[in-house]
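Report on the structure given below.
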Amino acid sequence: MYNLRHSWIPAFFKRVPMSGLMRTTSRSESQNSAFHQNTHYGSTLVNFMNSFESAMEKQRYTQSSLDFKTKDKLPQMRTPFPIEENASLFYTRKVFRQVQNEMYRSMTACFSLNHNIVDHVHEFQIKEFRPHGYSISNRPDSAIVSDDDDDNWDKLLKDSIYTVKCDQKEDTFICSCMKFEQFGILCRHIFTAMKAFNIQFIPAKYLLRRWQKDIIPPELLRRCFRYSDSDENIQKIAIDIFSTVDNCLSSLSTNKKRLEEYYQALKDLESKFMDGVTMNERPNKSTDFENRLGVSIPADVQIQNPTGIRNKGSGTKKRIKGAQEIAVEKSRCKYCRKGNDHDKRNCPTRKEDEKNNIFKQHPGKKH
């Protein structure tokens with residue numbers, strides 16, 4: 001049953017919206033992994049609050065990097081249809097790759113068998129071919145579905161026919177595979193039906209906001225001051241400063257002379273505004289702790305943190321050893337007959353003898 005999971009799992013969850021849900025415990029596991037990199041079980045609540053901010057900064061940086069790749073790199077088109085290029089302007093880079101794959105399969109693996117009109121509703125019978133040479137017999141059972149292969153998880157084991165209903169007045173498309181209801185992107189069968197109407201834009205009702213570019217406001221991705229509680233106006237001014245510097249660097253990146261002049265001007269501004277500002281006036285982790293707790297760190301600390309104790313077992317580092325383990329510890333090397341910290345395989349005396357071409361004769365063994 002597990003080896004056939006590619007067949008029954010999609011059917012079992014066919015009517016359940018699963019956009020973004022990859023595994024049962026993926027969200028909790030990802031949160032644990034994110035926080036374990038910055039904290040541990042012995043951290044205090046104050047340490048956790050600062051570690052939480054570090055974890056959030058890492059997520060903001062990852063999101064900003066993905067947004068930059070989406071804006072900077074234009075995807076390569078795989079079909080001649082304008083709807084693909086228009087979809088690339090809306091979807092993020094990863095989601096567009098999945099939508100693009102559906103468009104490509106609508107051109108290479110699907111075609112319309114029949115087209116009927118009933119009460120102004122167009123009904124298409126779309127046949128999808130099984131990929132050539134792809135069957136359950138030529139795939140290893142242990143790797144039928146790869147978690148990282150987003151394009152091939154739903155390949156057919158046999159040719160199938162799907163029904164697509166289209167209402168032009170309501171501008172709606174419904175497919176019997178229900179991929180949009182389950183994953184939030186249109187299927188290849190609907191794209192096949194759209195070609196009959198020469199549709200160049202995906203209807204707005206099928207463009208989910210969660211897949212849109214720049215869905216997260218910039219002010220949530222940039223936190224300029226780590227150890228200070230600045231208000232929104234200060235954060236906005238800081239973001240504008242970052243944007244201004246970034247635009248200048250982008251414009252002057254090809255002119256070395258002007259870039260050096262700009263760098264020198266920034267150094268002059270730094271000397272002007274940072275003159276007289278001491279290190280004690282700058283926000284740091286210690287002042288952040290004092291602000292959160294409402295007390296200052298005393299100069300003489302008399303109460304120290306308790307020493308670590310073992311929570312499991314009897315509380316001692318001793319344990320009862322078995323007879324075999326005791327015998328192994330007492331055994332000596334059978335080559336040098338000295339010491340019990342090594343055996344015959346890693347005996348230093350044996351290695352030295354082998355270098356000098358000296359071989360000891362042992363009874364009952366031929367050398």
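We name chains A, B, ... following the order of the structure tokens; residues begin at 1 in each chain, and ligands are numbered from 1 as shown.
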
- Message: I'd like the contact shell of stretch 349-357 of chain A - 12 Å cut-off, only C-alpha atoms, skipping same-chain residues fewer than 4 positions apart - returned as number ranges by chain.
- Response: A: 333-339, 342-345

- Fewer than 2 positions away in the same chain doesn't count, so skip those; otherwise give me all residues within 10 Å of A:Phe129, counting only C-alpha atoms, as a list of chain:residue names.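 Residues near the query, excluding close chain neighbours: A:Arg105, A:Thr108, A:Ala109, A:Cys110, A:Phe111, A:Ile126, A:Lys127, A:Pro131, A:His132, A:Lys155, A:Leu156, A:Leu157, A:Lys158, A:Asp159, A:Ser160, A:Ile161.
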
- Item | Straight-line distance linking atom CA of A:Thr62 with atom CA of A:Arg97, stated in Å to one decimal |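 These two atoms are separated by 19.1 Å.
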
- As a check of understanding: the span from atom CA of A:Leu293 to atom CA of A:Val46 is 8.2 Å

- Message: Show me, as a ChimeraX atom specification, the residues that have an atom within 10 Å of stretch 247-251 of chain A when counting only C-alpha atoms, minus same-chain residues fewer than 6 positions from it.
- Response: /A:241,258-259,262-263

- Item | Atom-to-atom span, atom CA of A:His122 and atom CA of A:Pro203, Å |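 Separation between atom CA of A:His122 and atom CA of A:Pro203: 16.6 Å.
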
- Every residue of stretch 37-285 of chain A that DSSP places in strand (DSSP E or B), as a VMD selection string: chain A and resid 91 110 to 118 121 to 128 160 to 167 172 to 175 212

- Item | For A:Thr92: contacts at 8 Å, only C-alpha atoms, fewer than 6 positions along chain excluded, given as JSON, numbers by chain | {"A": [67, 70, 211, 212, 213]}

- Task: Compile the contact shell of A:Met56 as a list in words: residues with an atom at most 9 Å away, counting only C-alpha atoms, same-chain residues fewer than 5 positions apart removed.
- Result: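 With the cut-off at 9 Å, the set is Ala34, Ser51 and Tyr61 of chain A.
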
Go ahead and save the picked residues with C-alpha atoms, as a compact mmCIF listing (two decimals), in the first residue's frame.
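After the write, again.txt holds the following:
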# COMPACT_ATOMS: atom_id res chain seq x y z
CA ALA A 34 14.87 27.56 12.73
CA SER A 51 17.08 34.51 19.63
CA TYR A 61 16.83 37.82 4.61

- Item | Who sits within 9 Å of A:Ile199, only C-alpha atoms, same chain under 5 positions skipped, as a PyMOL selection string | chain A and resi 82-83+194

Output for the residues just chosen: N, CA and C atoms as a JSON list (two decimals), in the first residue's frame:
[["chain", "number", "residue", "atom", "x", "y", "z"],
["A", 82, "PRO", "N", 0.79, 33.65, -25.28],
["A", 82, "PRO", "CA", 0.98, 34.87, -24.47],
["A", 82, "PRO", "C", 0.58, 34.69, -23.01],
["A", 83, "ILE", "N", -0.30, 33.75, -22.72],
["A", 83, "ILE", "CA", -0.75, 33.57, -21.34],
["A", 83, "ILE", "C", 0.40, 33.17, -20.42],
["A", 194, "MET", "N", -8.59, 26.52, -22.51],
["A", 194, "MET", "CA", -8.41, 27.96, -22.75],
["A", 194, "MET", "C", -7.88, 28.25, -24.15]]

- Task: Within 12 Å of A:Asp119, counting only C-alpha atoms, which residues show up once you throw out same-chain ones fewer than 2 positions away? Write them as a PyMOL selection string, please.
- Result: chain A and resi 116-117+121-123+165-169
